[in-house]
Amino acid sequence: MLTLTEPCWLSVSVDGTRSPSRTAGAGERLEFAVRRSITIRAGNAGALSVTLNGKACTRIGTPGQVVTATITASDYGAFLR
């Protein structure tokens with residue numbers, strides 16, 4: 001799940017299928033059913049809180065930073081706090 005604390009441009013691909021890019025607003029929560037991998041490209045990475053299987057993840061970037069992060073089924077543990 002992605003939770004946004006402020007507006008952020010996002011492009012998300014789940015298991016190789018890309019969702020339309022858009023700007024998500026503060027307070028939005030976006031859920032994705034991921035089997036193999038998710039790639040998140042964020043225009044304001046500090047605005048994102050990422051949760052995997054109900055567990056909080058480390059931040060993928062800082063406020064205003066453009067980041068692309070790919071999390072796979074085999075390496076998602078490295079992203080957990």
# chains A, B, ... in the order shown; residues from 1 in each chain; ligands from 1
$ select_by_dssp --residues "chain A" --states "strand (DSSP E)" --output "PyMOL selection string"
chain A and resi 2-4+8-14+17-18+22-24+29-30+37-42+48-52+55-56+67-72
$ write_last_selection --atoms "N, CA, C and O atoms" --output "short mmCIF file (atom, residue, chain, number, x, y, z; two decimals), in the first residue's frame"
data_model
loop_
_atom_site.label_atom_id
_atom_site.label_comp_id
_atom_site.auth_asym_id
_atom_site.auth_seq_id
_atom_site.Cartn_x
_atom_site.Cartn_y
_atom_site.Cartn_z
N LEU A 2 0.50 2.23 -0.77
CA LEU A 2 1.17 3.52 -0.77
C LEU A 2 0.26 4.51 -0.09
O LEU A 2 -0.92 4.62 -0.43
N THR A 3 0.79 5.24 0.87
CA THR A 3 0.04 6.30 1.54
C THR A 3 0.81 7.60 1.31
O THR A 3 2.02 7.64 1.50
N LEU A 4 0.09 8.63 0.89
CA LEU A 4 0.73 9.89 0.55
C LEU A 4 0.49 10.95 1.61
O LEU A 4 -0.63 11.12 2.08
N CYS A 8 2.04 13.92 -5.04
CA CYS A 8 3.19 13.24 -5.63
C CYS A 8 2.80 12.67 -6.99
O CYS A 8 1.78 11.98 -7.10
N TRP A 9 3.61 12.93 -8.00
CA TRP A 9 3.41 12.30 -9.31
C TRP A 9 3.90 10.85 -9.20
O TRP A 9 4.96 10.58 -8.65
N LEU A 10 3.08 9.92 -9.70
CA LEU A 10 3.42 8.50 -9.60
C LEU A 10 3.23 7.77 -10.92
O LEU A 10 2.29 8.04 -11.66
N SER A 11 4.13 6.85 -11.17
CA SER A 11 3.98 5.86 -12.23
C SER A 11 4.26 4.52 -11.58
O SER A 11 5.31 4.33 -10.95
N VAL A 12 3.30 3.59 -11.68
CA VAL A 12 3.43 2.30 -11.00
C VAL A 12 3.23 1.17 -11.99
O VAL A 12 2.29 1.19 -12.79
N SER A 13 4.13 0.19 -11.94
CA SER A 13 3.99 -1.04 -12.73
C SER A 13 3.92 -2.21 -11.77
O SER A 13 4.76 -2.34 -10.88
N VAL A 14 2.91 -3.05 -11.95
CA VAL A 14 2.74 -4.23 -11.11
C VAL A 14 2.82 -5.46 -11.99
O VAL A 14 2.07 -5.59 -12.96
N THR A 17 2.76 -4.79 -15.66
CA THR A 17 1.66 -4.02 -16.24
C THR A 17 1.66 -2.62 -15.62
O THR A 17 1.52 -2.48 -14.40
N ARG A 18 1.83 -1.62 -16.48
CA ARG A 18 1.92 -0.25 -16.00
C ARG A 18 0.54 0.40 -15.89
O ARG A 18 -0.26 0.32 -16.81
N ARG A 22 -0.08 9.46 -12.83
CA ARG A 22 -0.97 10.50 -12.34
C ARG A 22 -0.37 11.16 -11.11
O ARG A 22 0.57 10.65 -10.51
N THR A 23 -0.96 12.29 -10.74
CA THR A 23 -0.58 12.94 -9.50
C THR A 23 -1.59 12.54 -8.44
O THR A 23 -2.80 12.76 -8.59
N ALA A 24 -1.10 11.91 -7.38
CA ALA A 24 -1.95 11.50 -6.27
C ALA A 24 -1.88 12.58 -5.20
O ALA A 24 -0.84 13.22 -5.01
N ARG A 29 -4.62 6.73 -0.37
CA ARG A 29 -4.05 5.39 -0.13
C ARG A 29 -4.29 4.58 -1.38
O ARG A 29 -5.42 4.49 -1.86
N LEU A 30 -3.23 4.00 -1.90
CA LEU A 30 -3.31 3.21 -3.13
C LEU A 30 -2.86 1.79 -2.82
O LEU A 30 -1.78 1.58 -2.27
N SER A 37 6.40 -8.43 -8.73
CA SER A 37 7.18 -7.21 -8.51
C SER A 37 6.31 -5.97 -8.69
O SER A 37 5.28 -6.00 -9.35
N ILE A 38 6.78 -4.89 -8.06
CA ILE A 38 6.18 -3.58 -8.24
C ILE A 38 7.31 -2.58 -8.47
O ILE A 38 8.35 -2.64 -7.79
N THR A 39 7.14 -1.73 -9.45
CA THR A 39 8.09 -0.65 -9.71
C THR A 39 7.34 0.65 -9.50
O THR A 39 6.29 0.88 -10.09
N ILE A 40 7.89 1.48 -8.62
CA ILE A 40 7.29 2.76 -8.28
C ILE A 40 8.23 3.86 -8.73
O ILE A 40 9.41 3.87 -8.35
N ARG A 41 7.73 4.76 -9.56
CA ARG A 41 8.49 5.97 -9.92
C ARG A 41 7.73 7.12 -9.31
O ARG A 41 6.56 7.35 -9.63
N ALA A 42 8.38 7.83 -8.40
CA ALA A 42 7.74 8.90 -7.65
C ALA A 42 8.45 10.22 -7.88
O ALA A 42 9.67 10.28 -7.82
N LEU A 48 5.82 9.56 0.17
CA LEU A 48 5.28 8.20 0.20
C LEU A 48 5.64 7.45 1.47
O LEU A 48 6.78 7.46 1.90
N SER A 49 4.64 6.76 2.00
CA SER A 49 4.88 5.73 3.01
C SER A 49 4.47 4.43 2.32
O SER A 49 3.38 4.33 1.77
N VAL A 50 5.36 3.45 2.36
CA VAL A 50 5.11 2.18 1.69
C VAL A 50 4.90 1.11 2.74
O VAL A 50 5.66 1.00 3.71
N THR A 51 3.85 0.30 2.56
CA THR A 51 3.56 -0.83 3.43
C THR A 51 3.50 -2.09 2.57
O THR A 51 2.84 -2.08 1.53
N LEU A 52 4.22 -3.14 2.97
CA LEU A 52 4.20 -4.42 2.26
C LEU A 52 3.68 -5.50 3.19
O LEU A 52 4.23 -5.70 4.28
N LYS A 55 3.39 -4.52 6.74
CA LYS A 55 4.59 -4.10 7.46
C LYS A 55 5.15 -2.83 6.84
O LYS A 55 5.28 -2.73 5.62
N ALA A 56 5.53 -1.88 7.69
CA ALA A 56 6.08 -0.61 7.22
C ALA A 56 7.45 -0.81 6.59
O ALA A 56 8.25 -1.64 7.04
N VAL A 67 12.50 9.29 -7.65
CA VAL A 67 13.07 7.97 -7.38
C VAL A 67 12.31 6.90 -8.14
O VAL A 67 11.09 6.98 -8.26
N THR A 68 13.04 5.92 -8.63
CA THR A 68 12.44 4.71 -9.16
C THR A 68 12.90 3.56 -8.29
O THR A 68 14.10 3.35 -8.11
N ALA A 69 11.94 2.83 -7.71
CA ALA A 69 12.26 1.69 -6.84
C ALA A 69 11.50 0.47 -7.33
O ALA A 69 10.31 0.55 -7.61
N THR A 70 12.21 -0.64 -7.44
CA THR A 70 11.58 -1.91 -7.80
C THR A 70 11.70 -2.85 -6.62
O THR A 70 12.78 -3.06 -6.09
N ILE A 71 10.55 -3.39 -6.22
CA ILE A 71 10.50 -4.33 -5.10
C ILE A 71 9.98 -5.65 -5.66
O ILE A 71 8.92 -5.69 -6.28
N THR A 72 10.75 -6.71 -5.46
CA THR A 72 10.35 -8.02 -5.97
C THR A 72 9.96 -8.94 -4.82
O THR A 72 10.29 -8.67 -3.65
#
$ closest_residue --among "A:Ala78, A:Met1, A:Glu31, A:Asp15" --to "Thr58 (chain A)" --atoms "only C-alpha atoms"
A:Ala78
$ atom_distance --atom1 "CA of Ala33 (chain A)" --atom2 "CA of Asp75 (chain A)"
16.6 Å
$ closest_residue --among "A:Gly27, A:Leu80, A:Val34, A:Thr5" --to "Cys57 (chain A)" --atoms "only C-alpha atoms"
A:Leu80
$ atom_distance --atom1 "CA of Gln65 (chain A)" --atom2 "CA of Asn44 (chain A)"
5.2 Å
$ select_by_dssp --residues "chain A" --states "helix (DSSP H, G or I)" --output "number ranges by chain"
A: 45-47, 76-79
$ atom_distance --atom1 "CA of Gly16 (chain A)" --atom2 "CA of Arg36 (chain A)"
8.8 Å
$ closest_residue --among "A:Arg35, A:Glu6, A:Pro20, A:Ala26" --to "Ser74 (chain A)" --atoms "only C-alpha atoms"
A:Arg35
$ closest_residue --among "A:Ile60, A:Ala73, A:Glu28, A:Ser21" --to "Gly46 (chain A)" --atoms "only C-alpha atoms"
A:Ile60
